[in-house]
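Source file: structure24.cif; contents: mmCIF, C-alpha atoms.
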```
data_entry
#
loop_
_atom_site.label_atom_id
_atom_site.label_comp_id
_atom_site.auth_asym_id
_atom_site.auth_seq_id
_atom_site.Cartn_x
_atom_site.Cartn_y
_atom_site.Cartn_z
CA MET A 188 41.22 -2.27 -22.24
CA TYR A 189 38.58 -2.23 -24.90
CA THR A 190 37.72 -5.56 -26.49
CA PRO A 191 35.46 -5.71 -29.51
CA VAL A 192 32.40 -7.75 -28.66
CA ASP A 193 30.81 -7.89 -32.07
CA ASP A 194 32.14 -9.31 -35.29
CA ALA A 195 32.25 -6.36 -37.59
CA THR A 196 30.27 -6.92 -40.73
CA PRO A 197 31.73 -5.44 -43.92
CA ALA A 198 28.95 -2.87 -44.03
CA ALA A 199 29.41 -1.93 -40.41
CA ALA A 200 33.18 -1.91 -40.56
CA ALA A 201 33.29 0.58 -43.38
CA PRO A 202 30.13 2.63 -43.31
CA ILE A 203 29.71 4.72 -46.36
CA ASP A 204 30.12 8.41 -45.84
CA ALA A 205 26.40 9.17 -46.09
CA GLU A 206 25.69 6.70 -43.29
CA ARG A 207 28.45 8.25 -41.21
CA ARG A 208 27.04 11.73 -41.72
CA ALA A 209 23.55 10.53 -40.83
CA ALA A 210 24.89 8.87 -37.68
CA LEU A 211 26.72 12.06 -36.73
CA ARG A 212 23.49 13.99 -37.17
CA THR A 213 21.83 11.55 -34.77
CA LEU A 214 24.54 12.13 -32.22
CA GLY A 215 24.56 15.84 -32.98
CA ALA A 216 21.07 16.10 -31.53
CA LEU A 217 22.47 15.17 -28.13
CA ALA A 218 23.51 17.94 -25.78
CA ALA A 219 26.13 15.70 -24.20
CA LEU A 220 27.20 12.12 -23.89
CA THR A 221 25.65 11.24 -20.56
CA PRO A 222 26.35 8.06 -18.60
CA PRO A 223 24.24 5.20 -19.97
CA ALA A 224 20.77 5.00 -18.44
CA VAL A 225 18.47 2.04 -19.00
CA LEU A 226 15.47 1.68 -16.72
CA THR A 227 13.71 -1.66 -16.82
CA LEU A 228 10.04 -1.68 -15.86
CA LEU A 229 8.22 -4.91 -15.15
CA LEU A 230 4.64 -5.19 -16.28
CA SER A 231 2.25 -6.65 -13.78
CA PRO A 232 1.74 -10.37 -14.30
CA ARG A 233 -1.91 -9.98 -13.35
CA ALA A 234 -4.36 -10.96 -16.00
CA SER A 235 -7.34 -9.01 -14.90
CA ALA A 236 -8.32 -5.91 -13.04
CA ASP A 237 -10.25 -7.91 -10.50
CA SER A 238 -7.12 -9.47 -9.10
CA ILE A 239 -5.46 -6.09 -8.53
CA THR A 240 -7.68 -5.48 -5.59
CA ASP A 241 -5.92 -7.54 -2.91
CA LEU A 242 -4.24 -4.56 -1.36
CA PRO A 243 -2.51 -3.99 1.94
CA GLU A 244 -3.91 -1.67 4.56
CA MET A 245 -3.19 2.04 4.42
CA PRO A 246 -0.37 2.91 6.85
CA GLY A 247 -1.26 4.98 9.88
CA MET B 231 11.55 -5.01 -30.87
CA LEU B 232 8.67 -2.59 -30.26
CA HIS B 233 9.82 0.99 -29.86
CA THR B 234 8.54 4.52 -29.52
CA THR B 235 9.62 7.86 -28.11
CA LEU B 236 8.47 9.15 -24.76
CA GLY B 237 9.54 12.73 -24.10
CA THR B 238 13.30 12.67 -24.42
CA SER B 239 13.36 8.95 -23.62
CA ARG B 240 12.90 5.90 -25.81
CA LEU B 241 10.51 3.15 -24.84
CA LEU B 242 11.34 -0.37 -25.96
CA ALA B 243 9.53 -3.67 -25.47
CA ARG B 244 9.38 -7.16 -26.90
CA PRO B 245 6.04 -8.83 -27.59
CA GLY B 246 5.33 -11.46 -24.97
CA ASP B 247 7.94 -10.10 -22.54
CA ARG B 248 7.05 -8.49 -19.22
CA ARG B 249 9.81 -5.91 -19.48
CA LEU B 250 9.61 -2.38 -20.82
CA TRP B 251 12.83 -0.46 -21.22
CA LEU B 252 13.23 3.28 -20.89
CA LEU B 253 16.41 4.61 -22.46
CA ASP B 254 17.59 8.17 -21.97
CA ALA B 255 18.32 10.27 -25.06
CA ALA B 256 22.02 9.39 -25.41
CA THR B 257 21.48 5.70 -24.76
CA ALA B 258 18.59 5.65 -27.22
CA ALA B 259 20.60 7.36 -29.97
CA LEU B 260 23.39 4.83 -29.61
CA TRP B 261 20.89 1.97 -29.45
CA ASP B 262 19.49 3.14 -32.78
CA LEU B 263 22.94 3.06 -34.34
CA HIS B 264 23.61 -0.38 -32.84
CA ALA B 265 20.28 -1.61 -34.18
CA ALA B 266 21.18 -0.19 -37.59
CA GLY B 267 24.24 -2.45 -37.65
CA TRP B 268 27.00 -0.19 -36.40
CA ALA B 269 29.80 -2.26 -34.86
CA PRO B 270 31.71 -0.98 -31.80
CA ALA B 271 34.81 0.20 -33.67
CA PRO B 272 33.13 2.59 -36.10
CA LEU B 273 30.70 3.63 -33.37
CA ALA B 274 33.67 4.53 -31.15
CA ALA B 275 35.08 6.56 -34.04
CA LEU B 276 31.82 8.49 -34.19
CA LEU B 277 32.01 9.29 -30.48
CA VAL B 278 35.58 10.48 -30.94
CA GLU B 279 34.50 12.75 -33.77
CA ARG B 280 31.33 14.07 -32.17
CA PHE B 281 32.31 14.44 -28.53
CA GLY B 282 36.07 14.91 -28.74
CA LEU B 283 36.85 11.80 -26.69
CA ASN B 284 40.04 9.89 -27.19
CA THR B 285 39.69 6.39 -28.62
CA GLY B 286 40.14 4.65 -25.28
CA GLU B 287 37.43 6.75 -23.63
CA ALA B 288 35.03 6.11 -26.48
CA ARG B 289 35.61 2.35 -26.33
CA ASP B 290 35.27 2.31 -22.54
CA TYR B 291 31.99 4.20 -22.85
CA LEU B 292 30.65 1.73 -25.39
CA ASP B 293 31.81 -1.23 -23.28
CA ASN B 294 29.93 0.23 -20.33
CA LEU B 295 26.91 0.90 -22.50
CA ARG B 296 26.81 -2.69 -23.80
CA GLY B 297 27.08 -3.88 -20.21
CA HIS B 298 23.95 -1.89 -19.40
CA TRP B 299 22.14 -3.26 -22.43
CA ARG B 300 23.16 -6.81 -21.60
CA THR B 301 22.18 -6.51 -17.92
CA ALA B 302 18.82 -5.09 -18.94
CA GLY B 303 18.25 -7.95 -21.39
CA LEU B 304 18.26 -5.82 -24.52
CA LEU B 305 20.97 -7.71 -26.39
CA ALA B 306 20.23 -10.89 -28.27
CA ASP B 307 22.78 -12.81 -26.20
CA ALA B 308 21.30 -11.61 -22.88
CA PRO B 309 19.59 -14.14 -20.59
CA ALA B 310 16.13 -15.23 -21.63
CA GLY B 311 13.34 -12.71 -21.20
CA LEU B 312 10.62 -12.66 -18.62
CA ALA B 313 7.70 -14.04 -20.50
CA VAL B 314 4.27 -12.75 -19.67
CA PRO B 315 2.75 -15.54 -17.59
CA VAL B 316 -0.10 -17.28 -19.26
CA GLN B 317 -2.75 -16.22 -16.83
CA SER B 318 -6.12 -16.74 -18.37
CA LEU B 319 -8.70 -14.02 -18.37
CA PRO B 320 -12.13 -14.95 -17.13
CA THR B 321 -13.92 -15.93 -20.28
CA LEU B 322 -16.79 -13.69 -21.17
CA SER B 323 -19.24 -15.92 -22.95
CA PRO B 324 -21.34 -14.32 -25.64
CA PRO B 325 -24.92 -13.62 -24.69
CA ASP B 326 -26.93 -16.80 -24.98
CA GLY B 327 -30.13 -15.05 -25.96
CA ALA B 328 -31.97 -16.32 -22.93
CA PRO B 329 -34.48 -13.83 -21.56
CA PRO B 330 -33.54 -12.28 -18.24
CA LEU B 331 -35.11 -13.79 -15.17
CA PRO B 332 -38.22 -12.04 -13.88
CA GLY B 333 -37.31 -9.22 -11.56
CA ALA B 334 -33.85 -8.78 -13.03
CA TRP B 335 -32.27 -5.35 -12.80
CA ARG B 336 -30.91 -3.57 -15.79
CA LEU B 337 -27.44 -2.07 -15.22
CA ARG B 338 -25.16 0.11 -17.29
CA VAL B 339 -21.51 -0.75 -16.58
CA ALA B 340 -18.68 0.79 -18.60
CA GLN B 341 -20.75 1.33 -21.74
CA ARG B 342 -22.26 -2.17 -21.54
CA THR B 343 -25.86 -2.78 -20.68
CA LEU B 344 -26.55 -5.97 -18.79
CA THR B 345 -29.21 -7.60 -16.73
CA LEU B 346 -28.58 -8.86 -13.25
CA ALA B 347 -30.90 -11.26 -11.50
CA ILE B 348 -30.42 -12.08 -7.83
CA THR B 349 -32.58 -14.90 -6.61
CA ASP B 350 -31.94 -14.45 -2.89
CA ASP B 351 -33.96 -11.53 -1.54
CA ALA B 352 -31.53 -10.80 1.30
CA LEU B 353 -28.59 -10.57 -1.09
CA GLY B 354 -30.64 -8.45 -3.45
CA ALA B 355 -31.55 -6.06 -0.64
CA CYS B 356 -27.89 -5.76 0.30
CA LEU B 357 -26.68 -5.11 -3.25
CA ALA B 358 -29.48 -2.80 -4.35
CA PRO B 359 -28.20 0.39 -2.67
CA LEU B 360 -24.64 -0.31 -3.81
CA LEU B 361 -25.65 -0.80 -7.42
CA ALA B 362 -28.31 1.89 -7.53
CA PRO B 363 -26.04 4.34 -9.43
CA LEU B 364 -25.76 1.81 -12.25
CA MET B 365 -29.42 0.95 -12.59
CA VAL B 366 -31.26 2.06 -15.70
CA PRO B 367 -34.99 1.91 -16.23
CA LEU B 368 -36.49 -1.25 -17.63
CA PRO B 369 -38.05 -0.89 -21.07
CA ILE B 370 -41.63 0.20 -21.22
CA PRO B 371 -43.85 -2.48 -22.78
CA ASP B 372 -44.61 -1.83 -26.47
CA GLN B 373 -41.89 0.86 -26.63
CA PRO B 374 -38.61 0.45 -28.58
CA ASP B 375 -35.87 -0.97 -26.33
CA ARG B 376 -32.94 1.40 -26.89
CA GLY B 377 -30.61 -0.06 -24.26
CA ARG B 378 -30.89 -3.69 -25.19
CA PRO B 379 -28.74 -5.67 -22.75
CA SER B 380 -25.70 -7.39 -24.14
CA ASP B 381 -25.00 -9.61 -21.17
CA CYS B 382 -26.96 -11.51 -18.60
CA LEU B 383 -25.66 -12.06 -15.07
CA VAL B 384 -27.32 -14.22 -12.45
CA LEU B 385 -26.51 -14.58 -8.78
CA ASP B 386 -28.38 -17.78 -8.21
CA GLY B 387 -29.16 -19.85 -5.14
CA THR B 388 -29.21 -18.76 -1.53
CA VAL B 389 -26.77 -17.11 0.86
CA SER B 390 -25.69 -20.54 2.08
CA HIS B 391 -24.90 -21.79 -1.43
CA TRP B 392 -24.73 -19.43 -4.39
CA SER B 393 -23.40 -19.41 -7.92
CA PHE B 394 -22.53 -16.42 -10.08
CA THR B 395 -23.26 -16.98 -13.76
CA ALA B 396 -22.46 -14.75 -16.73
CA ASN B 397 -24.17 -15.45 -20.05
CA GLY B 398 -24.92 -18.97 -18.96
CA ARG B 399 -21.37 -19.76 -17.79
CA VAL B 400 -20.64 -20.23 -14.09
CA TRP B 401 -17.86 -17.86 -12.98
CA GLU B 402 -17.81 -18.58 -9.30
CA THR B 403 -19.65 -20.52 -6.63
CA GLY B 404 -19.46 -20.19 -2.88
CA HIS B 405 -21.04 -20.00 0.52
CA GLY B 406 -21.97 -17.01 2.61
CA HIS B 407 -23.18 -13.48 2.24
CA ASP B 408 -19.76 -11.78 2.03
CA GLY B 409 -18.44 -14.08 -0.66
CA ALA B 410 -21.52 -13.52 -2.81
CA LEU B 411 -21.30 -9.76 -2.44
CA VAL B 412 -17.61 -9.68 -3.26
CA ALA B 413 -17.98 -12.07 -6.22
CA MET B 414 -20.76 -9.94 -7.63
CA LEU B 415 -18.81 -6.68 -7.34
CA HIS B 416 -15.62 -8.24 -8.67
CA GLY B 417 -17.57 -9.71 -11.56
CA LEU B 418 -18.97 -6.32 -12.47
CA THR B 419 -15.48 -4.79 -12.20
CA GLU B 420 -14.20 -7.46 -14.55
CA PHE B 421 -16.97 -6.75 -17.03
CA GLY B 422 -16.04 -3.07 -16.91
CA CYS B 423 -12.35 -3.64 -17.35
CA ARG B 424 -12.12 -6.49 -19.87
CA THR B 425 -8.40 -5.98 -20.21
CA SER B 426 -8.32 -7.42 -23.70
CA GLU B 427 -10.41 -4.48 -24.91
CA ARG B 428 -8.48 -1.80 -23.05
CA LEU B 429 -5.30 0.15 -23.60
CA LEU B 430 -4.61 -0.56 -19.96
CA VAL B 431 -6.33 -0.76 -16.60
CA VAL B 432 -4.83 1.69 -14.13
CA HIS B 433 -4.61 0.78 -10.49
CA GLY B 434 -5.86 3.96 -8.96
CA GLY B 435 -8.78 6.22 -8.29
CA GLY B 436 -10.50 8.14 -11.05
CA LEU B 437 -12.43 11.33 -10.37
CA VAL B 438 -14.17 14.16 -12.19
CA ALA B 439 -13.74 17.70 -10.88
CA PRO B 440 -16.83 19.91 -10.61
CA ASP B 441 -15.73 21.66 -13.82
CA GLY B 442 -15.79 18.32 -15.68
CA ARG B 443 -12.06 17.60 -15.87
CA ALA B 444 -11.16 14.03 -15.08
CA PHE B 445 -8.01 12.96 -13.29
CA LEU B 446 -6.34 9.89 -11.90
CA LEU B 447 -4.83 9.20 -8.51
CA VAL B 448 -2.34 6.45 -9.24
CA ALA B 449 -0.61 4.60 -6.45
CA PRO B 450 0.21 1.14 -5.19
CA GLY B 451 -1.67 -0.36 -2.29
CA GLY B 452 -1.22 1.24 1.10
CA SER B 453 -0.64 4.76 -0.21
CA GLY B 454 -3.95 6.15 1.04
CA LYS B 455 -5.31 6.58 -2.45
CA SER B 456 -8.75 5.12 -1.75
CA THR B 457 -9.17 7.33 1.30
CA LEU B 458 -8.26 10.44 -0.66
CA THR B 459 -10.53 9.33 -3.50
CA ALA B 460 -13.45 8.84 -1.11
CA ALA B 461 -12.85 12.24 0.50
CA LEU B 462 -12.72 13.97 -2.88
CA ASN B 463 -15.92 12.21 -3.89
CA ALA B 464 -17.58 13.39 -0.67
CA ALA B 465 -16.34 16.92 -1.44
CA GLY B 466 -18.22 17.00 -4.73
CA TYR B 467 -15.93 15.26 -7.20
CA GLY B 468 -17.60 12.61 -9.34
CA LEU B 469 -16.30 9.10 -8.84
CA LEU B 470 -15.19 7.10 -11.86
CA SER B 471 -13.71 4.34 -9.72
CA ASP B 472 -11.81 4.09 -6.46
CA ASP B 473 -9.48 1.24 -7.28
CA VAL B 474 -9.18 0.31 -10.95
CA VAL B 475 -9.83 2.59 -13.90
CA PRO B 476 -10.11 1.05 -17.36
CA VAL B 477 -8.70 3.15 -20.19
CA THR B 478 -10.06 2.84 -23.72
CA PRO B 479 -7.73 2.44 -26.73
CA ASP B 480 -8.32 6.18 -27.32
CA GLY B 481 -7.06 7.02 -23.84
CA GLU B 482 -10.38 7.84 -22.23
CA LEU B 483 -11.09 6.88 -18.63
CA VAL B 484 -14.08 4.63 -18.14
CA GLY B 485 -16.36 5.40 -15.22
CA LEU B 486 -17.36 2.15 -13.53
CA GLY B 487 -19.83 3.65 -11.06
CA LEU B 488 -19.17 0.82 -8.61
CA PRO B 489 -19.15 1.36 -4.85
CA LEU B 490 -16.16 2.57 -2.88
CA CYS B 491 -14.31 -0.16 -1.01
CA LEU B 492 -12.83 1.17 2.21
CA LYS B 493 -10.49 -0.52 4.66
CA PRO B 494 -10.54 0.00 8.44
CA GLY B 495 -7.69 2.53 8.47
CA SER B 496 -9.83 4.97 6.52
CA TRP B 497 -13.04 4.56 8.56
CA PRO B 498 -12.21 7.08 11.31
CA VAL B 499 -10.52 9.44 8.85
CA LEU B 500 -13.59 9.56 6.64
CA ALA B 501 -16.16 9.60 9.46
CA GLY B 502 -16.67 13.36 9.15
CA CYS B 503 -17.37 13.44 5.43
CA ARG B 504 -19.09 10.04 5.10
CA PRO B 505 -21.16 9.53 8.25
CA ASP B 506 -22.94 6.65 6.48
CA LEU B 507 -19.70 4.70 6.62
CA ALA B 508 -20.29 3.89 10.30
CA GLN B 509 -23.57 2.16 9.44
CA ALA B 510 -22.23 0.25 6.44
CA PRO B 511 -21.90 -3.49 7.09
CA THR B 512 -18.41 -4.86 7.45
CA VAL B 513 -17.62 -7.42 4.79
CA GLN B 514 -14.76 -9.90 4.62
CA ARG B 515 -12.98 -9.52 1.31
CA LEU B 516 -9.80 -11.42 0.50
CA GLY B 517 -9.20 -11.97 4.20
CA GLN B 518 -9.64 -8.32 5.06
CA SER B 519 -12.46 -6.31 6.61
CA VAL B 520 -13.85 -3.69 4.26
CA ARG B 521 -16.96 -1.56 3.94
CA PHE B 522 -18.62 -0.79 0.64
CA LEU B 523 -20.27 2.57 0.11
CA PRO B 524 -22.12 3.88 -2.92
CA PRO B 525 -20.48 6.98 -4.37
CA CYS B 526 -21.80 10.40 -3.43
CA GLY B 527 -23.73 12.31 -6.03
CA ARG B 528 -24.48 11.24 -9.54
CA ALA B 529 -22.39 8.34 -10.80
CA ALA B 530 -19.70 9.33 -13.28
CA THR B 531 -20.17 6.44 -15.68
CA GLY B 532 -19.18 7.92 -19.03
CA LEU B 533 -15.89 8.22 -20.87
CA ARG B 534 -13.56 11.07 -19.92
CA ALA B 535 -10.21 12.20 -21.29
CA PRO B 536 -7.81 12.62 -18.36
CA ALA B 537 -6.60 16.15 -17.60
CA LEU B 538 -4.14 15.28 -14.83
CA PHE B 539 -2.24 12.32 -13.41
CA LEU B 540 -1.50 12.51 -9.70
CA PHE B 541 0.69 10.10 -7.80
CA PRO B 542 -0.35 10.63 -4.17
CA ARG B 543 1.48 9.47 -1.10
CA PHE B 544 0.26 9.80 2.46
CA ARG B 545 3.22 10.88 4.60
CA PRO B 546 2.24 11.83 8.16
CA GLY B 547 4.34 14.49 9.82
CA ARG B 548 5.86 15.76 6.57
CA ALA B 549 5.16 19.01 4.74
CA PRO B 550 2.94 18.71 1.67
CA ARG B 551 4.96 18.35 -1.50
CA CYS B 552 4.30 18.52 -5.19
CA GLU B 553 6.73 17.59 -7.91
CA PRO B 554 6.07 17.65 -11.66
CA LEU B 555 6.92 14.40 -13.41
CA THR B 556 8.23 13.74 -16.89
CA PRO B 557 6.18 11.41 -19.10
CA ALA B 558 8.75 8.69 -18.48
CA ARG B 559 8.39 9.03 -14.71
CA ALA B 560 4.61 9.08 -15.04
CA LEU B 561 4.70 5.85 -17.01
CA GLN B 562 7.04 4.37 -14.43
CA GLY B 563 4.59 5.31 -11.67
CA ILE B 564 1.65 3.83 -13.55
CA ILE B 565 3.44 0.54 -14.17
CA GLU B 566 4.87 0.30 -10.66
CA ALA B 567 1.36 0.77 -9.31
CA GLU B 568 0.51 -2.51 -11.04
CA ALA B 569 -1.39 -1.35 -14.05
CA VAL B 570 -2.62 -4.24 -16.17
CA ILE B 571 -1.25 -3.96 -19.69
CA ARG B 572 -1.91 -6.98 -21.85
CA ASP B 573 -1.01 -8.05 -25.36
CA LEU B 574 1.44 -5.25 -26.03
CA THR B 575 1.79 -4.39 -29.72
CA GLN B 576 3.55 -1.57 -31.56
CA ILE B 577 0.24 0.27 -31.90
CA LYS B 578 -0.52 -0.16 -28.21
CA LEU B 579 2.96 0.92 -27.12
CA GLU B 580 2.69 4.08 -29.22
CA ALA B 581 -0.79 4.78 -27.84
CA LEU B 582 0.51 4.31 -24.30
CA ALA B 583 3.37 6.73 -24.91
CA ARG B 584 1.04 9.32 -26.47
CA TRP B 585 -1.36 8.92 -23.57
CA VAL B 586 1.19 9.59 -20.83
CA SER B 587 2.89 12.34 -22.86
CA LYS B 588 -0.11 14.60 -23.23
CA VAL B 589 -1.29 14.65 -19.61
CA PRO B 590 0.51 16.70 -16.91
CA ALA B 591 1.65 14.51 -14.04
CA TYR B 592 2.64 15.31 -10.47
CA ALA B 593 3.89 13.34 -7.50
CA VAL B 594 2.16 14.71 -4.41
CA SER B 595 2.62 13.82 -0.79
CA TYR B 596 0.41 15.01 2.00
CA PRO B 597 0.44 14.68 5.79
CA ASP B 598 -3.32 14.57 6.34
CA LEU B 599 -6.54 14.39 4.39
CA ASP B 600 -7.31 18.12 4.51
CA GLN B 601 -3.96 19.01 3.02
CA GLY B 602 -4.34 16.23 0.47
CA LEU B 603 -7.65 17.70 -0.64
CA ALA B 604 -6.13 21.19 -0.78
CA LEU B 605 -3.23 19.94 -2.90
CA VAL B 606 -5.53 18.34 -5.44
CA ARG B 607 -7.70 21.44 -5.60
CA ASP B 608 -4.63 23.64 -6.07
CA LEU B 609 -3.29 21.54 -8.88
CA LEU B 610 -6.65 21.54 -10.64
CA ASN B 611 -6.77 25.32 -10.19
CA ASP B 612 -3.44 25.63 -11.99
CA ARG B 613 -1.49 26.44 -8.88
CA ASP B 614 1.16 24.11 -10.16
CA SER B 615 4.75 23.49 -9.22
CA ARG B 616 5.67 27.16 -9.75
CA GLU B 617 4.42 27.78 -6.25
CA TYR B 618 6.62 25.04 -4.87
CA ASP B 619 10.29 25.52 -4.20
CA ALA B 620 13.09 23.48 -5.74
CA HIS B 621 12.49 20.73 -3.19
CA GLY B 622 8.81 20.49 -4.06
CA THR B 623 7.64 22.09 -0.82
CA LEU B 624 4.74 24.52 -0.89
CA ALA B 625 6.19 28.04 -0.81
#
```

What's the structure tokens form of this structure?
Amino acid sequence: MYTPVDDATPAAAAPIDAERRAALRTLGALAALTPPAVLTLLLSPRASADSITDLPEMPG
Amino acid sequence: MLHTTLGTSRLLARPGDRRLWLLDAATAALWDLHAAGWAPAPLAALLVERFGLNTGEARDYLDNLRGHWRTAGLLADAPAGLAVPVQSLPTLSPPDGAPPLPGAWRLRVAQRTLTLAITDDALGACLAPLLAPLMVPLPIPDQPDRGRPSDCLVLDGTVSHWSFTANGRVWETGHGHDGALVAMLHGLTEFGCRTSERLLVVHGGGLVAPDGRAFLLVAPGGSGKSTLTAALNAAGYGLLSDDVVPVTPDGELVGLGLPLCLKPGSWPVLAGCRPDLAQAPTVQRLGQSVRFLPPCGRAATGLRAPALFLFPRFRPGRAPRCEPLTPARALQGIIEAEAVIRDLTQIKLEALARWVSKVPAYAVSYPDLDQGLALVRDLLNDRDSREYDAHGTLA
């Protein structure tokens, strides 16, 4: 069952028609509604290039 | 939130946070509407109207989507972010104006001219052949000095007790020949990279094909990248760097011209193309035996726009494979190979996205060095993925 997770603001609850049309145009650019995909990449915590160089041995 | 487009994906980041988020096209479009203040109910109504879902399906989709956003840390009420650890960069003191010590060498490293004085003759003799590609002539007396050094490095003391000083500030002290050699080479690498002045520093090999096109071999440790880089260098490709390649804010690769650093696994493999490797002294670096070799041919020390990103993987016993990558996958590969990206701003994020978007990228795997070399040559000769079947295998 769907439960609203945000309190609707007056502006968001009743978007004016121009906003609705603009939003539909945004969605209209999509070929399909695909399953959500969010890939999180973690930046290296290393500060400097020098410290990159402690590398394991090449396999084989 | 910092944001930019990357192919059909959206790239998001927060200043001071270690995370970058890649959203596919649909997720990004809905994120934009969420960010513009659209609440779930009217957003669900839009999905009903646009995609012909019923209301329950639309709400379930948005619930699922918010779950993804929350898990990823995109929502304001998500758990606290992963702050970039405050890891200090080695401070590069400004030149102190002191004249270089007598006998100092003049080196050109990553567009910087510096002097290097080594007071111990044995250490100097050991470093001289490795740094020869970087050496520039000393000024002729009474002639204008066009390459005035900006920095002054000194490896002072003796093998038994040395100190490495940059512009009057001690960077490192230690005992023993290997430590001095490694400190010196790491110091020069650091000078060349200076992450604060770079778009990023790629962990990978950088090479220049005989026709002048530059390319990167990007991979995490243990992938065989240094071995392939060394073999390509021996086959006539100019070496920008075998391990870290600084990238300017304009996206150009910076040739460091520093020696190759090769681990024992590569010594027998490279014996045929680098017979001098057998005679190179073995040095202990970070608890590991390595051998340093100067690059073959003329040092590639200038700035080069990259023409190709390759993500190589040594896979014995498997057929060679080549798979084109989207810009998003290329960026993923660069970051997962531990690129150093510091002080991310909106301008830098956009530059990063532009940089990975305009360069073709391929994942390549190869079972032996000869086939690895052939794959790289083929890709540079425009024998691209069209000659590989749907599984990426050479047809």

Q) What's the 12 Å shell around Thr235 of chain B, counting all atoms listed in the file, without same-chain residues fewer than 3 positions away, as a ChimeraX atom specification? A) /B:232,238-243,251-255,258-259,262,557-558,576,579-587

Against chain A, which residues of chain B fall within 6 Å? For each one I want the closest pair of atoms and the distance in Å (one decimal), counting all atoms listed in the file, rows by chain and increasing residue number, as CSV.
```
residue,atom,partner,partner_atom,distance
B:Arg248,CA,A:Leu230,CA,5.0
B:Arg249,CA,A:Leu229,CA,4.7
B:Leu250,CA,A:Leu228,CA,5.0
B:Trp251,CA,A:Thr227,CA,4.6
B:Leu252,CA,A:Leu226,CA,5.0
B:Leu253,CA,A:Val225,CA,4.8
B:Asp254,CA,A:Ala224,CA,5.7
B:Thr257,CA,A:Pro223,CA,5.6
B:Gly267,CA,A:Ala199,CA,5.9
B:Trp268,CA,A:Ala199,CA,5.0
B:Ala269,CA,A:Ala195,CA,5.5
B:Arg289,CA,A:Tyr189,CA,5.6
B:Leu295,CA,A:Pro223,CA,5.7
B:Gln317,CA,A:Ala234,CA,5.6
B:Leu319,CA,A:Ala234,CA,5.8
B:His416,CA,A:Asp237,CA,5.7
B:Glu420,CA,A:Asp237,CA,5.7
B:Gly451,CA,A:Leu242,CA,5.0
B:Gly452,CA,A:Met245,CA,3.9
B:Ser453,CA,A:Met245,CA,5.9
B:Gly454,CA,A:Met245,CA,5.4
B:Glu568,CA,A:Ser231,CA,5.3
B:Val570,CA,A:Ser231,CA,5.9
```

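Closest approach to Val448 of chain B from the set B:Lys493, B:Arg244, B:His233, B:His433 is made by B:His433, with distances taken over only C-alpha atoms.
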
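When all atoms listed in the file are used to measure the gap to Ala529 of chain B, the shortest distance among B:Gly436, B:Leu516, B:Leu277, B:Ala510 belongs to B:Gly436.
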
Q: In Å, rounded to a single decimal, give me how far atom CA of Pro554 of chain B is from atom CA of Tyr592 of chain B.
A: 4.3 Å

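With only C-alpha atoms taken into account, the protein and nucleic acid residues at most 12 Å from Gly532 of chain B (excluding it and anything under 4 positions from it in its own chain) are B:Arg338, B:Val339, B:Ala340, B:Gln341, B:Arg342, B:Leu364, B:Gly422, B:Gly436, B:Leu437, B:Val438, B:Gly442, B:Ala444, B:Gly468, B:Leu469, B:Leu470, B:Ser471, B:Val475, B:Pro476, B:Val477, B:Thr478, B:Glu482, B:Leu483, B:Val484, B:Gly485, B:Leu486, B:Gly487, B:Arg528.
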
Please output segment 457-465 of chain B, rebuilt to include N, CA and C atoms, as a short mmCIF file (atom, residue, chain, number, x, y, z; two decimals), in the frame of the given file.
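Okay, out.cif is ready:
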```
data_model
loop_
_atom_site.label_atom_id
_atom_site.label_comp_id
_atom_site.auth_asym_id
_atom_site.auth_seq_id
_atom_site.Cartn_x
_atom_site.Cartn_y
_atom_site.Cartn_z
N THR B 457 -8.66 6.37 0.32
CA THR B 457 -9.17 7.33 1.30
C THR B 457 -9.28 8.72 0.69
N LEU B 458 -8.24 9.13 -0.01
CA LEU B 458 -8.26 10.44 -0.66
C LEU B 458 -9.35 10.49 -1.74
N THR B 459 -9.50 9.39 -2.47
CA THR B 459 -10.53 9.33 -3.50
C THR B 459 -11.92 9.48 -2.88
N ALA B 460 -12.14 8.76 -1.78
CA ALA B 460 -13.45 8.84 -1.11
C ALA B 460 -13.71 10.25 -0.59
N ALA B 461 -12.67 10.88 -0.04
CA ALA B 461 -12.85 12.24 0.50
C ALA B 461 -13.14 13.23 -0.62
N LEU B 462 -12.46 13.09 -1.74
CA LEU B 462 -12.72 13.97 -2.88
C LEU B 462 -14.14 13.75 -3.40
N ASN B 463 -14.56 12.51 -3.43
CA ASN B 463 -15.92 12.21 -3.89
C ASN B 463 -16.94 12.86 -2.95
N ALA B 464 -16.67 12.78 -1.64
CA ALA B 464 -17.58 13.39 -0.67
C ALA B 464 -17.58 14.92 -0.78
N ALA B 465 -16.46 15.46 -1.31
CA ALA B 465 -16.34 16.92 -1.44
C ALA B 465 -16.92 17.43 -2.76
#
```
